[in-house]
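Reviewing the structure listed below.
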Amino acid sequence: MNATNPIATDATRTLEHNGSQDHHVLSGAEVLLRVLEDEGVEVVFGYPGGAVLPIYDALFKRDKIRHILVRHEQAAVHAAEAYARSTGKTGVVLVTSGPGATNAVTGLVDALMDSIPVVCFAGQVPVPLIGNDAFQEADTTGITRPATKHNYLVRRPADLAATVREAFLIARTGRPGPVLVDLPKNITAGEAPYTSGQAPLHRSYRPQVEPDRAAVRRAVEAMKQARRPLFYTGGGIINSGPQASDALRRLAGMTGFPVTSTLMGLGAFPTTDRQFLGMLGMHGTYEANLATHGCDVLIALGSRFDDRVTGRVDAFSPDSFKIHADIDPSQINKIIRVDVPVVGDVGRTIAMMIEEWNADDSRPEAEDLRHWWAQIDGWRGLDSLGFTQDTAPSAIIRPQHAVRRLYEMAMATGRDTFVSTEVGQHQMWAAQHFQFDKPNRWLTSGGLGTMGYGLPAAVGAQVANPDALVIDIAGEASTLMNIQELGTIAQYRLPVKIFILNNQYMGMVRQWQELLHGSRYSESYSSALPDFVKLAESFHAKGLRATNMGELDGVIAEMLAHEGAVLADICVAQGENCYPMIPSGAAHNQMILGPEQDGKPAEITGAGRMLV
Amino acid sequence: MTTPEETQVSAVISLLVENESGVLARVIGLFSGRGYNIESLTVAPVEDLRHRSRINIVTSGTQMVIDQIKAQLSRLVPVYRVVNLTEAGPHVAREMALVKVVSTGEHRTEALRIAEAFRARAVDTTAQSFVFELTGATEKLDSFIDLMRPLGLVEVSRTGVAAIARGPQTI
């Protein structure tokens with residue numbers, strides 16, 4: 001084909017020739033790839049199979065989009081999520097029908113819960129075979145309906161291009177999320193028109209982006225009268241883009257208000273800033289949780305009052321005037337009744353708050369906030385994340401210390417650093433002890449809590465940021481759930497660093513069993529672990545191990561200095577618990593503190609034990 | 001004691017949706033997935049040219065749940081409009097029932113007499129049976145069915161509620 005031919009010509013020719021074998025006529029697979037190029041897609045994470053062979057054939061011939069071959073479809077979605085989270089672009093996944101699609105479901109729900117823009121293309125059996133229980137057939141749109149923001153089954157070639165374009169629009173706009181497009185093989189193998197500029201398929205889709213100024217004004221009025229204010233920021237700020245983080249920093253600077261963040265929001269505000277109180281919620285800091293409990297104006301920005309944040313709902317921040325800015329109207333008053341809802345893009349909302357804040361000279365005097373800050377500093381004095389590490393070379397490594405050393409030594413390299421995690425204690429220790437001064441650097445499974453997220457996420461982040469330092473802070477149990485991705489890491493020579501805090505337990509399960517189930521460690525011991533050093537070597541990576549304090553810094557230094565992939569097995573204290581902790585069913589002022597803080601356990605009620 | 005937050009209210013919710021494959025599954029999947037009640041549901045195309053269907057749902061829950069249902073439904077991509085008719089003002093909500101009564105003798109005449117009082121039509125008649133067609137508010141249908149029960153009621157088929165706001169305003 002003449003490269004200078006306007007693309008529209010192809011569509012015209014397709015229609016004119018109506019099924020001829022003219023080389024200008026495009027197959028559905030070729031149309032798909034062209035639309036992906038139009039959407040700016042550079043990377044696809046996928047795994048081939050019968051129903052997507054036409055697409056893989058087109059990929060082979062076209063060679064404009066990079067395909068990363070994962071080892072399991074779940075990992076393809078997690079990698080695409082991390083690609084999206086670390087770049088602000090939309091992640092793209094390509095899987096085959098049946099098991100390919102069902103394997104992707106966990107990743108899709110993960111992206112749904114954490115509002116990550118992902119478009120997943122799944123192969124499907126040809127339209128005439130749908131419903132016949134054909135080989136590798138699954139009701140993919142049926143299965144993924146509650147797992148996606150929206151999904152499609154393309155039944156007519158004429159709908160293909162418009163559907164793919166709309167899938168990207170829906171994935172990245174409004175509250176972002178995963179969108180699945182089910183592609184029957186006859187649609188991708190047969191001819192299809194390459195079209196653009198059509199009317200959207202769904203005129204019903206109109207997310208509200210611009211916040212209501214009157215609502216923002218009411219919010220700012222309350223903020224100006226606040227004496228004990230608190231910003232409670234979430235992942236929505238990361239999703240809104242770097243300009244939202246910048247705006248948050250300005251707003252926090254001009255108001256002097258303290259800031260706490262959810263797990264998903266870490267990095268939107270520098271976690272090293274004096275105004276930052278640490279994460280709130282179940283494993284949040286003492287000062288963040290008591291400030292949440294005691295504040296008089298709570299400003300929720302892009303956060304959704306998740307149960308991990310609120311604890312006991314009827315005791316959540318009981319005396320505060322509540323402002324809630326969220327792009328998704330269904331989050332307003334879902335769990336906590338708020339006084340001023342602001343529906344719209346949170347970055348725009350914060351920018352508008354700054355305008356309204358500056359609109360008149362009235363503002364709380366620094367004097368007015370001084371008492372509040374003094375109270376916060378008093379809580380801070382407890383040092384709720386503090387721990388004592390025995391520094392003798394033979395001493396057992398405490399996991400918190402391992403994360404802190406990893407942070408300090410990673411910062412010393414001066415490299416742009418991205419951290420992914422699996423799910424469990426190590427995830428919370430990473431959130432507590434690793435610091436994030438920029439958005440988009442922290443990749444974790446918050447809402448769904450998917451063990452096995454971190455390793456494929458590191459793949460996605462490293463593909464998106466080839467020169468960056470990408471570390472998966474892992475637990476030995478979680479990481480085994482997607483350990484096959486060491487193959488992907490080897491194939492693409494991704495210099496990912498896997499830092500396993502190995503306590504030979506599903507640590508968080510063990511912790512809950514200790515606290516709630518009489519230390520009956522039912523099935524939470526990690527039996528029959530592999531030799532992680534040899535495992536790394538068998539996947540062509542470097543394997544390292546630290547078993548005591550004398551080895552820790554050397555192993556971290558060697559890991560960071562090595563050019564290729566490294567798996568570091570850090571053998572840590574087995575019985576360590578993650579503190580502070582708000583037990584299920586307890587309020588924010590009923591935290592269990594760690595042994596170093598001399599805490600007394602809050603009473604766990606029968607009702608609390610029922611909660612997860 | 002029941003606090004105002006816990007009081008259960010009933011609501012008639014009307015949706016205008018894109019008439020496309022899977023849209024009803026999205027709506028009812030949302031109800032089952034989030035644990036909301038569906039007391040009745042009706043669906044039919046209402047604007048053929050614009051490919052739009054209307055779904056009427058009678059549901060119940062606390063006010064917070066009813067507000068959530070409306071917000072969650074509005075979030076679905078093929079949904080144009082969601083109106084809580086119970087909240088929006090006066091509305092008409094009616095349904096139709098087909099009621100089969102098998103009886104003879106006095107029961108049969110009594111059934112016919114009650115049907116006349118309710119303005120129910122006998123749309124099928126045999127020597128042993130009637131099928132009555134009755135349209136009206138849910139409560140009217142309920143009491144008709146209750147009255148037919150001792151008179152040989154054997155089968156009921158109900159449409160569920162179709163509802164529309166009173167006055168000139170539209171969905």
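Starting from 1 in every chain, residues are counted up; chains themselves are A, B, ... following the order of the structure tokens, and ligands are numbered from 1 as listed.
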
At most 6 Å to chain B: residues in chain A, only C-alpha atoms, as a ChimeraX atom specification = /A:204-205,330

Write the residues of the preceding selection, restricted to N, CA, C and O atoms, as a CSV table (one decimal), in the first residue's frame.
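Result went into again14.csv, see below:
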```
chain,number,residue,atom,x,y,z
A,204,SER,N,-25.6,8.4,25.7
A,204,SER,CA,-26.0,8.4,27.1
A,204,SER,C,-24.8,8.6,28.0
A,204,SER,O,-25.0,8.9,29.2
A,205,TYR,N,-23.6,8.4,27.5
A,205,TYR,CA,-22.4,8.5,28.4
A,205,TYR,C,-21.9,9.9,28.4
A,205,TYR,O,-21.3,10.4,27.4
A,330,SER,N,-22.0,8.3,42.3
A,330,SER,CA,-22.5,7.1,43.1
A,330,SER,C,-21.6,7.0,44.3
A,330,SER,O,-22.0,6.2,45.2
```

Would you give me, as a count of residues only, the residues in segment 54-153 of chain B that DSSP reads as alpha helix (DSSP H)?
-> 41

If you run DSSP on this backbone, which residues of segment 90-136 of chain A come out as strand (DSSP E), and could you give them as a list of chain:residue names?
-> A:Gly91, A:Val92, A:Val93, A:Leu94, A:Val95, A:Val118, A:Val119, A:Cys120, A:Phe121, A:Ala122, A:Gly123, A:Gln124

May I have the selected residues written with all heavy atoms, as a short mmCIF file (atom, residue, chain, number, x, y, z; two decimals), in the first residue's frame?
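So part29.cif came out as:
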```cif
data_model
loop_
_atom_site.label_atom_id
_atom_site.label_comp_id
_atom_site.auth_asym_id
_atom_site.auth_seq_id
_atom_site.Cartn_x
_atom_site.Cartn_y
_atom_site.Cartn_z
N GLY A 91 -3.90 1.38 29.54
CA GLY A 91 -3.25 0.09 29.34
C GLY A 91 -4.08 -0.78 28.40
O GLY A 91 -5.30 -0.70 28.42
N VAL A 92 -3.40 -1.58 27.58
CA VAL A 92 -4.12 -2.40 26.60
C VAL A 92 -3.73 -3.87 26.76
O VAL A 92 -2.55 -4.20 26.92
CB VAL A 92 -3.84 -1.92 25.16
CG1 VAL A 92 -4.62 -2.77 24.15
CG2 VAL A 92 -4.21 -0.45 25.02
N VAL A 93 -4.75 -4.73 26.70
CA VAL A 93 -4.58 -6.16 26.91
C VAL A 93 -5.21 -6.90 25.75
O VAL A 93 -6.25 -6.46 25.22
CB VAL A 93 -5.29 -6.59 28.23
CG1 VAL A 93 -5.20 -8.09 28.44
CG2 VAL A 93 -4.71 -5.84 29.42
N LEU A 94 -4.58 -8.00 25.35
CA LEU A 94 -5.12 -8.83 24.28
C LEU A 94 -5.06 -10.28 24.72
O LEU A 94 -3.97 -10.79 25.00
CB LEU A 94 -4.29 -8.61 23.01
CG LEU A 94 -4.60 -9.47 21.79
CD1 LEU A 94 -6.06 -9.35 21.37
CD2 LEU A 94 -3.69 -9.07 20.62
N VAL A 95 -6.23 -10.91 24.82
CA VAL A 95 -6.28 -12.31 25.26
C VAL A 95 -7.21 -13.10 24.35
O VAL A 95 -8.03 -12.53 23.63
CB VAL A 95 -6.78 -12.43 26.72
CG1 VAL A 95 -5.84 -11.72 27.68
CG2 VAL A 95 -8.20 -11.88 26.87
N VAL A 118 -8.06 0.64 31.49
CA VAL A 118 -7.52 -0.51 30.75
C VAL A 118 -8.55 -0.89 29.70
O VAL A 118 -9.75 -0.91 29.98
CB VAL A 118 -7.29 -1.71 31.71
CG1 VAL A 118 -7.03 -2.99 30.93
CG2 VAL A 118 -6.14 -1.43 32.68
N VAL A 119 -8.09 -1.17 28.48
CA VAL A 119 -8.98 -1.75 27.47
C VAL A 119 -8.48 -3.16 27.19
O VAL A 119 -7.30 -3.35 26.87
CB VAL A 119 -9.01 -0.91 26.17
CG1 VAL A 119 -9.90 -1.60 25.14
CG2 VAL A 119 -9.54 0.49 26.46
N CYS A 120 -9.36 -4.12 27.37
CA CYS A 120 -9.00 -5.53 27.17
C CYS A 120 -9.75 -6.06 25.95
O CYS A 120 -10.97 -6.00 25.89
CB CYS A 120 -9.38 -6.34 28.41
SG CYS A 120 -9.07 -8.10 28.24
N PHE A 121 -8.98 -6.55 24.98
CA PHE A 121 -9.58 -7.19 23.81
C PHE A 121 -9.52 -8.69 24.01
O PHE A 121 -8.46 -9.25 24.28
CB PHE A 121 -8.83 -6.79 22.54
CG PHE A 121 -8.93 -5.31 22.27
CD1 PHE A 121 -7.91 -4.45 22.65
CD2 PHE A 121 -10.06 -4.78 21.68
CE1 PHE A 121 -8.02 -3.08 22.45
CE2 PHE A 121 -10.18 -3.41 21.47
CZ PHE A 121 -9.15 -2.56 21.85
N ALA A 122 -10.67 -9.34 23.88
CA ALA A 122 -10.73 -10.78 24.05
C ALA A 122 -11.22 -11.39 22.74
O ALA A 122 -12.13 -10.86 22.10
CB ALA A 122 -11.69 -11.12 25.18
N GLY A 123 -10.61 -12.47 22.37
CA GLY A 123 -11.11 -13.22 21.22
C GLY A 123 -12.41 -13.91 21.60
O GLY A 123 -12.68 -14.12 22.78
N GLN A 124 -13.20 -14.23 20.61
CA GLN A 124 -14.44 -14.96 20.85
C GLN A 124 -14.64 -15.91 19.67
O GLN A 124 -14.09 -15.68 18.58
CB GLN A 124 -15.62 -13.97 20.98
CG GLN A 124 -16.98 -14.59 21.28
CD GLN A 124 -16.97 -15.46 22.53
OE1 GLN A 124 -16.55 -16.62 22.48
NE2 GLN A 124 -17.43 -14.92 23.64
#
```

Go through segment 163-250 of chain A and flag each residue having an atom no more than 12 Å from segment 266-282 of chain A; for those, report the closest pair of atoms plus their distance in Å to one decimal, using only C-alpha atoms, ordered by chain and rising number, as JSON lines.
```
{"residue": "A:Pro229", "atom": "CA", "partner": "A:Gln275", "partner_atom": "CA", "distance": 11.9}
{"residue": "A:Leu230", "atom": "CA", "partner": "A:Leu277", "partner_atom": "CA", "distance": 9.7}
{"residue": "A:Phe231", "atom": "CA", "partner": "A:Phe276", "partner_atom": "CA", "distance": 9.5}
{"residue": "A:Tyr232", "atom": "CA", "partner": "A:Leu280", "partner_atom": "CA", "distance": 8.4}
{"residue": "A:Thr233", "atom": "CA", "partner": "A:Ala268", "partner_atom": "CA", "distance": 8.0}
{"residue": "A:Gly234", "atom": "CA", "partner": "A:Leu266", "partner_atom": "CA", "distance": 7.6}
{"residue": "A:Gly235", "atom": "CA", "partner": "A:Leu266", "partner_atom": "CA", "distance": 7.7}
{"residue": "A:Gly236", "atom": "CA", "partner": "A:Ala268", "partner_atom": "CA", "distance": 9.4}
{"residue": "A:Ile237", "atom": "CA", "partner": "A:Ala268", "partner_atom": "CA", "distance": 6.4}
{"residue": "A:Ile238", "atom": "CA", "partner": "A:Ala268", "partner_atom": "CA", "distance": 6.1}
{"residue": "A:Asn239", "atom": "CA", "partner": "A:Ala268", "partner_atom": "CA", "distance": 9.8}
{"residue": "A:Ser240", "atom": "CA", "partner": "A:Ala268", "partner_atom": "CA", "distance": 10.2}
{"residue": "A:Gly241", "atom": "CA", "partner": "A:Ala268", "partner_atom": "CA", "distance": 9.4}
{"residue": "A:Pro242", "atom": "CA", "partner": "A:Ala268", "partner_atom": "CA", "distance": 8.0}
{"residue": "A:Gln243", "atom": "CA", "partner": "A:Ala268", "partner_atom": "CA", "distance": 9.9}
{"residue": "A:Ala244", "atom": "CA", "partner": "A:Ala268", "partner_atom": "CA", "distance": 7.9}
{"residue": "A:Ser245", "atom": "CA", "partner": "A:Ala268", "partner_atom": "CA", "distance": 4.8}
{"residue": "A:Asp246", "atom": "CA", "partner": "A:Ala268", "partner_atom": "CA", "distance": 8.1}
{"residue": "A:Ala247", "atom": "CA", "partner": "A:Ala268", "partner_atom": "CA", "distance": 9.7}
{"residue": "A:Leu248", "atom": "CA", "partner": "A:Phe269", "partner_atom": "CA", "distance": 7.0}
{"residue": "A:Arg249", "atom": "CA", "partner": "A:Phe269", "partner_atom": "CA", "distance": 6.2}
{"residue": "A:Arg250", "atom": "CA", "partner": "A:Phe269", "partner_atom": "CA", "distance": 10.0}
```

Computed gap from atom CA of Gln400 of chain A to atom CA of Ala528 of chain A is 24.9 Å

Tell me which protein, DNA and RNA residues are within 10 Å of Asp368 of chain A, counting only C-alpha atoms, leaving out same-chain ones fewer than 6 positions away, and put them as a list in words.
-> Gln225, Ala226, Arg227 and Arg228 of chain A

Tell me, as number ranges by chain, which residues lie within 8 Å of Phe144 of chain B, counting only C-alpha atoms; anything in the same chain fewer than 4 positions away does not count.
-> B: 114-115, 118, 140, 148

Neighbour list for segment 341-357 of chain A as number ranges by chain, cut-off 8 Å, only C-alpha atoms, skip fewer than 4 positions in-chain = A: 174, 208-213, 215-217, 219-220, 224, 236-237, 240-241, 243-245, 247-248, 250-251, 301-302, 323-329, 332, 363

Ala163 of chain B: which residues within 8 Å, counting only C-alpha atoms, same-chain residues fewer than 6 positions away excluded, as JSON, numbers by chain?
-> {"B": [12, 14, 56, 85, 91, 92, 93, 94]}

Requested write-out: C-alpha atoms of the selected residues, as a PDB file, in the first residue's frame:
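Below is the file again15.pdb, written as the result:
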```pdb
ATOM      1  CA  VAL B  12     -40.789   3.470  41.647  1.00  0.00           C
ATOM      2  CA  SER B  14     -38.045   4.676  35.749  1.00  0.00           C
ATOM      3  CA  ASN B  56     -39.752   0.574  35.448  1.00  0.00           C
ATOM      4  CA  LEU B  85     -40.947   8.838  40.392  1.00  0.00           C
ATOM      5  CA  HIS B  91     -47.212   9.840  39.315  1.00  0.00           C
ATOM      6  CA  VAL B  92     -49.412   7.123  37.928  1.00  0.00           C
ATOM      7  CA  ALA B  93     -48.276   3.553  38.562  1.00  0.00           C
ATOM      8  CA  ARG B  94     -50.437   0.773  37.188  1.00  0.00           C
TER       9      ARG B  94
END
```

Contacts of Arg108 of chain B at 9 Å or less, counting only C-alpha atoms, minus same-chain residues fewer than 5 places along, as a ChimeraX atom specification?
-> /B:101-103,113,128-130,151-152

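A straight line drawn from atom CA of Ala457 of chain A to atom CA of Ile489 of chain A is 11.2 Å long.
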
In Å, with one decimal, what is the gap from atom CA of Leu15 of chain B to atom CA of Glu47 of chain B?
->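 Computed distance, atom CA of Leu15 of chain B to atom CA of Glu47 of chain B, equals 12.9 Å.
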